[in-house]
Amino acid sequence: MKMSKMYLPTLKEVPSEAEVLSHQYMLRAGMMRTLTAGVYSYLPLGYRVIRKIENIIRKAMDESGAQELLMPIMHTAELWQESGRWDRFGPLMIKFQDRKGREYCLGPTHEEIITDLVRDEIRSYKDLPLNLYQIQTKVRDEIRPRFGIMRGREFIMKDAYSFDTDYEGLDKSYQLMYDAYVKAFKDCGLEVRAVEADSGAMGGSASHEFMVLADAGEDEVAFCNNCDYAANVERAGAAIADPAFEKEEMAAAEKVYTPAQKTIAEITEYLNVNADRTIKSLAFLADGEPILVLLSGDDELNEIKLANYLNAVELEAVVEDKFPEMYNSFAGFIGPVGIKEGIRILADLRVKNLKNAITGANEKDYHLINVNPGKDFEVEDYLDLRKVKDGDQCPHCEGQLEIKAGIEVGHIFKLGSKYSESMGARYLDENGREQLIIMGSYGIGITRLVAAAIEQQHDENGIIWPTAIAPYQVIILPLGNNDEVTTRAEVIYQELTDNGIEVLLDDRQERAGVKFNDADLIGIPLRLTIGSRSLEKGVVEARVRKTGEEINIKLDSVYEKVI
Ligand code: ATP
Ligand code: MG
Ligand code: MG
Ligand code: MG
């Protein structure tokens, strides 16, 4: 590509709207432009990087056996109502109506759509396992869109969904995705760390986040200085607060997550498994007006054991006794849940007009009475109570935790039967019996990854692209007004291009200083400079962007040297 023809509007000044370095560099390097907060156009240079990353991820996904498809961005409300997330997703979801008044949203994620897609087609265990993925624009009306495409309101995500007959199958599908992610990030030339993430009611290692360590990151990650334990701070906090959270047996909790359909006998059976532990927390939904009580075990309720909660009548009595002002009739039962899950339920209920709630953790003074989540406290702030801090002890060994800032570029999650149950996605097993499909979901923030790559690899002059995702591998700078220089540069440009190397030729009538600065700013891995002096010596000057290493290459052997 010749730069004189390229739509590459670089900027010398740092744009005032950009707080973090990656955002500044992406605007200055002419990679993108802002339409409105969190919404961007990707210009040719930026879009090349995005496509490179997409293709690396696509390759890793395809090799894992996943199949690419493309689902709609426009979703009908009905599917989201079926899963119960139409209300729960809250203001993060952009909703609108068509001319007939029918309701839609712009997809923030695609669990509902994919579950709907497969439930009509998957008939038998022979159709499983299956993994379907797409690379597509997602829309989330983030409260604080900032840091450029790191947190956009419109962004490109790779999202994959696995379908298995059972949890063992899910474990395998999950591992395949984990491995594919490790490979894809490595192939991008990026250092990405997998850390345990909170898995809500699922327990076990049912979720991992993939983090690029960088100061600009909004996430905090705990690393042990002694063993290989790594987790986000919320997850590490939960592990310390309740080591049982770690245990496989907690996977069973998933089964009582949607208790409305559960019989008391089923709940009893589950609770008895854990009857030696006091209850960590319980949640109730009151008839009509949701009321939520998370009861904990270490304070005045310590004496109340699980056995007390085995039926609704006793349940009501306990609440009437302990929290008369909260008394109401109970319609549902959720739990035992961890504090984070409890808070999440609170947040979910916010949109359903939650009037009152008591929420508490498994610790004294961690209780709030009559709270209105979102009004009386920020859900996010409340989660802070359980985050681990620098120097806390590792949940796995005697070592100490060290906290680092990270950017979440990927997230994999064992969903279990959450969506297949609410949306009725079943298959027939070997014995002709109907069973729920067991699902997983797996995301990579592609546009966020571009910003994260810049946060990880740059210097004061600009971006330093790893070769695998660089928009061009080589940039040629002819200097001065010299016909022979121009001709030579053209010849080298042609030779490299013909051999499949992606080359930018800076044929603009600009001063050497401007060309050098732009080449550094846009971060092309290898720079070849030709001026009248180098021409006299019969060489081009090659400089490696990353190391600053410079060598002279004979004019007739540029291609051999470059490859
Ligand atoms: P975050 O915690 O940063 O809000 P998330 O946990 O809500 O992210 P997921 O639902 O796990 O995001 O989505 C999968 C991936 O999509 C994330 O790991 C991230 O890389 C990317 N992603 C999520 N939200 C955004 C956004 N607003 N802008 C850019 N990328 C995003
Ligand atoms: Mg989010
Ligand atoms: Mg997150
Ligand atoms: Mg996530």
# chains A, B, ... in the order shown; residues from 1 in each chain; ligands from 1
>>> residues_near_ligand(ligand="ligand 1", cutoff="6 Å", atoms="only C-alpha atoms and all ligand atoms", output="number ranges by chain")
A: 149-153, 155, 157, 408-411, 443-445, 448
>>> write_last_selection(atoms="N, CA and C atoms", output="PDB file, in the first residue's frame")
ATOM      1  N   ILE A 149     -11.872   1.637  22.577  1.00  0.00           N
ATOM      2  CA  ILE A 149     -12.519   0.362  22.279  1.00  0.00           C
ATOM      3  C   ILE A 149     -12.291  -0.681  23.369  1.00  0.00           C
ATOM      4  N   MET A 150     -11.578  -0.292  24.413  1.00  0.00           N
ATOM      5  CA  MET A 150     -11.424  -1.205  25.545  1.00  0.00           C
ATOM      6  C   MET A 150     -12.796  -1.454  26.174  1.00  0.00           C
ATOM      7  N   ARG A 151     -13.591  -0.429  26.299  1.00  0.00           N
ATOM      8  CA  ARG A 151     -14.964  -0.588  26.778  1.00  0.00           C
ATOM      9  C   ARG A 151     -15.890   0.210  25.878  1.00  0.00           C
ATOM     10  N   GLY A 152     -16.223  -0.395  24.764  1.00  0.00           N
ATOM     11  CA  GLY A 152     -17.099   0.271  23.818  1.00  0.00           C
ATOM     12  C   GLY A 152     -18.551  -0.019  24.152  1.00  0.00           C
ATOM     13  N   ARG A 153     -19.454   0.728  23.530  1.00  0.00           N
ATOM     14  CA  ARG A 153     -20.872   0.376  23.644  1.00  0.00           C
ATOM     15  C   ARG A 153     -21.239  -0.526  22.463  1.00  0.00           C
ATOM     16  N   PHE A 155     -19.010  -3.261  20.091  1.00  0.00           N
ATOM     17  CA  PHE A 155     -17.676  -3.863  19.985  1.00  0.00           C
ATOM     18  C   PHE A 155     -17.761  -5.226  19.320  1.00  0.00           C
ATOM     19  N   MET A 157     -17.008  -9.118  19.143  1.00  0.00           N
ATOM     20  CA  MET A 157     -16.704 -10.245  20.023  1.00  0.00           C
ATOM     21  C   MET A 157     -16.720 -11.545  19.218  1.00  0.00           C
ATOM     22  N   GLU A 408      -9.542  -7.818  30.871  1.00  0.00           N
ATOM     23  CA  GLU A 408     -10.218  -9.081  30.544  1.00  0.00           C
ATOM     24  C   GLU A 408     -10.444  -9.153  29.037  1.00  0.00           C
ATOM     25  N   VAL A 409      -9.651  -9.988  28.365  1.00  0.00           N
ATOM     26  CA  VAL A 409      -9.804 -10.086  26.904  1.00  0.00           C
ATOM     27  C   VAL A 409     -10.589 -11.328  26.505  1.00  0.00           C
ATOM     28  N   GLY A 410     -10.758 -12.250  27.449  1.00  0.00           N
ATOM     29  CA  GLY A 410     -11.547 -13.441  27.134  1.00  0.00           C
ATOM     30  C   GLY A 410     -12.178 -13.992  28.390  1.00  0.00           C
ATOM     31  N   HIS A 411     -13.260 -14.738  28.206  1.00  0.00           N
ATOM     32  CA  HIS A 411     -13.968 -15.299  29.358  1.00  0.00           C
ATOM     33  C   HIS A 411     -14.642 -16.589  28.923  1.00  0.00           C
ATOM     34  N   GLY A 443     -16.200 -16.314  25.281  1.00  0.00           N
ATOM     35  CA  GLY A 443     -16.086 -15.045  24.560  1.00  0.00           C
ATOM     36  C   GLY A 443     -14.659 -14.522  24.470  1.00  0.00           C
ATOM     37  N   ILE A 444     -14.383 -13.836  23.383  1.00  0.00           N
ATOM     38  CA  ILE A 444     -13.132 -13.061  23.282  1.00  0.00           C
ATOM     39  C   ILE A 444     -13.501 -11.673  22.777  1.00  0.00           C
ATOM     40  N   GLY A 445     -13.024 -10.654  23.467  1.00  0.00           N
ATOM     41  CA  GLY A 445     -13.269  -9.283  23.024  1.00  0.00           C
ATOM     42  C   GLY A 445     -12.231  -8.902  21.976  1.00  0.00           C
ATOM     43  N   ARG A 448     -11.384  -5.182  21.962  1.00  0.00           N
ATOM     44  CA  ARG A 448     -10.670  -4.892  23.207  1.00  0.00           C
ATOM     45  C   ARG A 448      -9.233  -5.422  23.145  1.00  0.00           C
TER      46      ARG A 448
END
>>> residues_near_ligand(ligand="ligand 2", cutoff="9 Å", atoms="only C-alpha atoms and all ligand atoms", output="ChimeraX atom specification")
/A:92,140,142,151
>>> select_by_dssp(residues="segment 21-130 of chain A", states="strand (DSSP E)", output="number ranges by chain")
A: 32-36, 39-42, 67-68, 74-76, 95-97, 103-106, 130
>>> closest_atom_pairs(of="chain A", to="ligand 4", cutoff="12 Å", atoms="only C-alpha atoms and all ligand atoms", output="CSV")
residue,atom,partner,partner_atom_place_in_ligand_line,distance
A:Thr109,CA,ligand 4,1 (Mg),11.1
A:Met157,CA,ligand 4,1 (Mg),11.7
A:Asp159,CA,ligand 4,1 (Mg),11.6
A:Val195,CA,ligand 4,1 (Mg),11.7
A:Glu196,CA,ligand 4,1 (Mg),11.4
A:Ala197,CA,ligand 4,1 (Mg),8.5
A:Asp198,CA,ligand 4,1 (Mg),9.5
A:Ser199,CA,ligand 4,1 (Mg),10.5
A:Ser207,CA,ligand 4,1 (Mg),9.2
A:His208,CA,ligand 4,1 (Mg),8.7
A:Glu209,CA,ligand 4,1 (Mg),6.8
A:Phe210,CA,ligand 4,1 (Mg),9.2
A:Met211,CA,ligand 4,1 (Mg),10.5
A:Asp219,CA,ligand 4,1 (Mg),10.3
A:Asn232,CA,ligand 4,1 (Mg),11.0
A:Ile407,CA,ligand 4,1 (Mg),10.5
A:Glu408,CA,ligand 4,1 (Mg),7.0
A:Val409,CA,ligand 4,1 (Mg),8.4
A:Gly410,CA,ligand 4,1 (Mg),7.0
A:His411,CA,ligand 4,1 (Mg),5.1
A:Ile412,CA,ligand 4,1 (Mg),7.9
A:Phe413,CA,ligand 4,1 (Mg),8.7
A:Ser441,CA,ligand 4,1 (Mg),10.5
A:Tyr442,CA,ligand 4,1 (Mg),9.3
A:Gly443,CA,ligand 4,1 (Mg),7.8
A:Ile444,CA,ligand 4,1 (Mg),9.1
A:Gly445,CA,ligand 4,1 (Mg),9.5
>>> closest_residue(among="A:Pro478, A:Gly406, A:Gly107, A:Pro72", to="ligand 3", atoms="only C-alpha atoms and all ligand atoms")
A:Gly406
>>> select_by_dssp(residues="segment 83-129 of chain A", states="alpha helix (DSSP H)", output="list in words")
Ser83, Arg85, Trp86, Asp87, Arg88, Glu111, Glu112, Ile113, Ile114, Thr115, Asp116, Leu117, Val118 and Arg119 of chain A
>>> closest_residue(among="A:Met6, A:Val562, A:Val450, A:Ala37", to="Ala18 of chain A", atoms="only C-alpha atoms")
A:Ala37
>>> residues_around(residues="Asp518 of chain A", least_positions_apart="5", cutoff="9 Å", atoms="only C-alpha atoms", output="PyMOL selection string")
chain A and resi 10+29+461-462+513+523
>>> atom_distance(atom1="atom CA of His75 of chain A", atom2="atom CA of Asp164 of chain A")
24.8 Å
>>> residues_around(residues="Ile492 of chain A", least_positions_apart="3", cutoff="10 Å", atoms="only C-alpha atoms", output="list of chain:residue names")
A:Ile476, A:Thr487, A:Arg488, A:Ala489, A:Glu495, A:Leu496, A:Thr497, A:Asp498, A:Val503, A:Leu505, A:Leu528, A:Val540, A:Leu555, A:Asp556, A:Ser557, A:Val558, A:Tyr559
>>> residues_around(residues="segment 420-433 of chain A", least_positions_apart="4", cutoff="6 Å", atoms="only C-alpha atoms", output="list in words")
Ser83, Arg119, Arg123, Ser124, Tyr125 and Ile437 of chain A
>>> write_last_selection(atoms="C-alpha atoms", output="mmCIF file, in the first residue's frame")
data_model
loop_
_atom_site.group_PDB
_atom_site.id
_atom_site.type_symbol
_atom_site.label_atom_id
_atom_site.label_comp_id
_atom_site.auth_asym_id
_atom_site.auth_seq_id
_atom_site.Cartn_x
_atom_site.Cartn_y
_atom_site.Cartn_z
ATOM 1 C CA SER A 83 -34.901 -17.056 29.621
ATOM 2 C CA ARG A 119 -33.381 -26.604 20.413
ATOM 3 C CA ARG A 123 -32.792 -34.358 18.484
ATOM 4 C CA SER A 124 -30.517 -37.076 19.703
ATOM 5 C CA TYR A 125 -27.326 -37.671 21.637
ATOM 6 C CA ILE A 437 -28.459 -30.194 26.809
#
>>> residues_around(residues="Gly391 of chain A", least_positions_apart="6", cutoff="7 Å", atoms="only C-alpha atoms", output="list of chain:residue names")
A:Gln400, A:Leu401, A:Glu402
>>> write_last_selection(atoms="C-alpha atoms", output="mmCIF file, in the first residue's frame")
data_model
loop_
_atom_site.group_PDB
_atom_site.id
_atom_site.type_symbol
_atom_site.label_atom_id
_atom_site.label_comp_id
_atom_site.auth_asym_id
_atom_site.auth_seq_id
_atom_site.Cartn_x
_atom_site.Cartn_y
_atom_site.Cartn_z
ATOM 1 C CA GLN A 400 1.121 -14.402 49.641
ATOM 2 C CA LEU A 401 -1.082 -12.896 46.973
ATOM 3 C CA GLU A 402 0.145 -10.105 44.775
#
>>> residues_around(residues="segment 56-67 of chain A", least_positions_apart="5", cutoff="7 Å", atoms="only C-alpha atoms", output="CSV table (one decimal) with C-alpha atoms, in the first residue's frame")
chain,number,residue,atom,x,y,z
A,131,ASN,CA,-19.6,-26.1,19.3
A,132,LEU,CA,-20.9,-23.1,17.2
A,133,TYR,CA,-19.2,-19.7,17.1
A,176,LEU,CA,-10.8,-27.5,24.2
A,180,ALA,CA,-7.7,-22.9,21.8
A,183,LYS,CA,-3.0,-20.9,21.4
A,184,ALA,CA,-4.8,-18.0,19.8
A,187,ASP,CA,-0.3,-16.8,18.0
A,188,CYS,CA,-1.2,-13.1,18.3
>>> closest_residue(among="A:Asp507, A:Glu455, A:Glu191, A:Glu54", to="Glu68 of chain A", atoms="only C-alpha atoms")
A:Glu54
>>> closest_residue(among="A:Gly217, A:Gly416, A:Gly480, A:Gly399", to="ligand 3", atoms="only C-alpha atoms and all ligand atoms")
A:Gly217
>>> atom_distance(atom1="atom CA of Asp116 of chain A", atom2="atom CA of Tyr181 of chain A")
26.0 Å
>>> atom_distance(atom1="atom CA of Ala222 of chain A", atom2="atom CA of Lys404 of chain A")
6.5 Å
>>> decode(residues="segment 105-251 of chain A", atoms="C-alpha atoms", output="compact mmCIF listing (two decimals), in the first residue's frame")
# COMPACT_ATOMS: atom_id res chain seq x y z
CA CYS A 105 -33.09 -5.54 21.51
CA LEU A 106 -29.62 -5.29 20.04
CA GLY A 107 -27.76 -8.40 21.11
CA PRO A 108 -25.38 -7.90 24.05
CA THR A 109 -24.62 -11.66 23.93
CA HIS A 110 -26.24 -14.64 22.21
CA GLU A 111 -27.10 -17.44 24.66
CA GLU A 112 -30.83 -17.06 23.99
CA ILE A 113 -30.48 -16.93 20.23
CA ILE A 114 -28.19 -19.94 20.00
CA THR A 115 -30.30 -21.98 22.42
CA ASP A 116 -33.34 -21.23 20.30
CA LEU A 117 -31.40 -22.13 17.19
CA VAL A 118 -30.35 -25.57 18.39
CA ARG A 119 -33.38 -26.60 20.41
CA ASP A 120 -35.40 -27.22 17.28
CA GLU A 121 -32.63 -29.08 15.48
CA ILE A 122 -30.80 -31.19 18.04
CA ARG A 123 -32.79 -34.36 18.48
CA SER A 124 -30.52 -37.08 19.70
CA TYR A 125 -27.33 -37.67 21.64
CA LYS A 126 -25.83 -38.47 18.24
CA ASP A 127 -26.06 -34.78 17.33
CA LEU A 128 -23.74 -33.91 20.23
CA PRO A 129 -21.18 -32.61 21.12
CA LEU A 130 -21.38 -29.43 19.09
CA ASN A 131 -19.63 -26.08 19.27
CA LEU A 132 -20.87 -23.11 17.24
CA TYR A 133 -19.24 -19.70 17.15
CA GLN A 134 -19.50 -16.34 15.47
CA ILE A 135 -17.48 -13.16 15.14
CA GLN A 136 -19.85 -10.27 15.38
CA THR A 137 -20.71 -6.86 16.72
CA LYS A 138 -22.23 -6.76 20.19
CA VAL A 139 -24.09 -3.83 21.69
CA ARG A 140 -24.05 -3.01 25.40
CA ASP A 141 -25.08 0.38 26.73
CA GLU A 142 -22.21 0.48 29.26
CA ILE A 143 -22.59 2.96 32.12
CA ARG A 144 -19.07 4.22 31.63
CA PRO A 145 -17.93 3.74 28.07
CA ARG A 146 -14.33 4.85 28.23
CA PHE A 147 -10.80 3.94 27.35
CA GLY A 148 -11.78 3.78 23.68
CA ILE A 149 -12.52 0.36 22.28
CA MET A 150 -11.42 -1.20 25.55
CA ARG A 151 -14.96 -0.59 26.78
CA GLY A 152 -17.10 0.27 23.82
CA ARG A 153 -20.87 0.38 23.64
CA GLU A 154 -20.52 -1.37 20.29
CA PHE A 155 -17.68 -3.86 19.99
CA ILE A 156 -16.64 -6.98 18.14
CA MET A 157 -16.70 -10.24 20.02
CA LYS A 158 -16.01 -13.85 19.15
CA ASP A 159 -18.59 -15.86 21.01
CA ALA A 160 -18.80 -19.63 21.03
CA TYR A 161 -21.34 -21.97 22.58
CA SER A 162 -20.82 -25.64 23.32
CA PHE A 163 -23.52 -28.30 23.62
CA ASP A 164 -22.95 -31.63 25.33
CA THR A 165 -24.95 -34.56 26.63
CA ASP A 166 -23.52 -34.32 30.14
CA TYR A 167 -21.10 -32.54 32.47
CA GLU A 168 -18.19 -34.77 31.51
CA GLY A 169 -18.69 -33.72 27.91
CA LEU A 170 -18.86 -30.11 29.02
CA ASP A 171 -15.54 -30.50 30.83
CA LYS A 172 -13.97 -31.69 27.58
CA SER A 173 -15.53 -28.94 25.47
CA TYR A 174 -14.42 -26.39 28.04
CA GLN A 175 -10.85 -27.71 27.99
CA LEU A 176 -10.81 -27.55 24.18
CA MET A 177 -11.80 -23.88 24.34
CA TYR A 178 -9.28 -23.18 27.10
CA ASP A 179 -6.52 -24.66 24.94
CA ALA A 180 -7.72 -22.86 21.81
CA TYR A 181 -7.65 -19.56 23.70
CA VAL A 182 -4.12 -20.14 24.97
CA LYS A 183 -3.02 -20.90 21.41
CA ALA A 184 -4.84 -17.97 19.80
CA PHE A 185 -3.41 -15.41 22.22
CA LYS A 186 0.08 -16.87 21.81
CA ASP A 187 -0.27 -16.79 18.02
CA CYS A 188 -1.23 -13.12 18.29
CA GLY A 189 2.15 -12.55 19.97
CA LEU A 190 0.54 -11.48 23.22
CA GLU A 191 1.15 -12.50 26.79
CA VAL A 192 -2.20 -13.45 28.26
CA ARG A 193 -2.76 -15.11 31.65
CA ALA A 194 -5.67 -17.42 32.39
CA VAL A 195 -7.09 -16.82 35.86
CA GLU A 196 -9.91 -18.40 37.80
CA ALA A 197 -13.03 -16.30 37.69
CA ASP A 198 -16.10 -16.30 39.82
CA SER A 199 -18.39 -19.06 38.78
CA GLY A 200 -21.44 -18.05 40.74
CA ALA A 201 -23.54 -20.96 41.81
CA MET A 202 -21.63 -23.39 39.65
CA GLY A 203 -18.58 -23.82 41.90
CA GLY A 204 -15.42 -25.58 40.86
CA SER A 205 -13.24 -24.10 38.18
CA ALA A 206 -16.23 -23.43 36.02
CA SER A 207 -15.01 -20.12 34.72
CA HIS A 208 -11.75 -18.56 33.61
CA GLU A 209 -10.92 -15.08 32.48
CA PHE A 210 -8.02 -14.37 30.16
CA MET A 211 -6.13 -11.30 31.24
CA VAL A 212 -3.61 -9.03 29.62
CA LEU A 213 -1.62 -7.55 32.49
CA ALA A 214 -1.45 -3.78 32.06
CA ASP A 215 -1.78 -0.78 34.36
CA ALA A 216 -4.71 0.55 32.37
CA GLY A 217 -6.74 -2.59 33.17
CA GLU A 218 -10.00 -2.20 35.07
CA ASP A 219 -9.78 -5.70 36.57
CA GLU A 220 -7.65 -6.83 39.48
CA VAL A 221 -5.96 -10.19 39.47
CA ALA A 222 -4.35 -12.03 42.39
CA PHE A 223 -1.21 -14.10 41.77
CA CYS A 224 0.40 -16.27 44.43
CA ASN A 225 4.12 -15.63 44.96
CA ASN A 226 4.63 -19.27 45.90
CA CYS A 227 2.36 -21.53 43.84
CA ASP A 228 0.67 -21.11 40.46
CA TYR A 229 -2.65 -19.90 41.88
CA ALA A 230 -4.12 -17.06 39.84
CA ALA A 231 -7.65 -15.68 40.16
CA ASN A 232 -9.49 -12.42 39.86
CA VAL A 233 -9.75 -10.70 43.25
CA GLU A 234 -13.46 -11.43 43.71
CA ARG A 235 -12.98 -15.10 43.05
CA ALA A 236 -9.91 -15.30 45.30
CA GLY A 237 -11.91 -13.51 48.00
CA ALA A 238 -14.71 -16.05 47.73
CA ALA A 239 -12.21 -18.91 47.85
CA ILE A 240 -10.71 -17.59 51.07
CA ALA A 241 -14.08 -16.85 52.64
CA ASP A 242 -15.40 -20.28 51.87
CA PRO A 243 -12.97 -22.96 50.78
CA ALA A 244 -15.89 -25.26 50.05
CA PHE A 245 -16.56 -22.95 47.12
CA GLU A 246 -13.58 -24.66 45.58
CA LYS A 247 -14.93 -28.13 45.92
CA GLU A 248 -16.49 -30.08 43.13
CA GLU A 249 -19.54 -30.83 45.24
CA MET A 250 -20.62 -27.23 44.88
CA ALA A 251 -21.27 -27.95 41.25
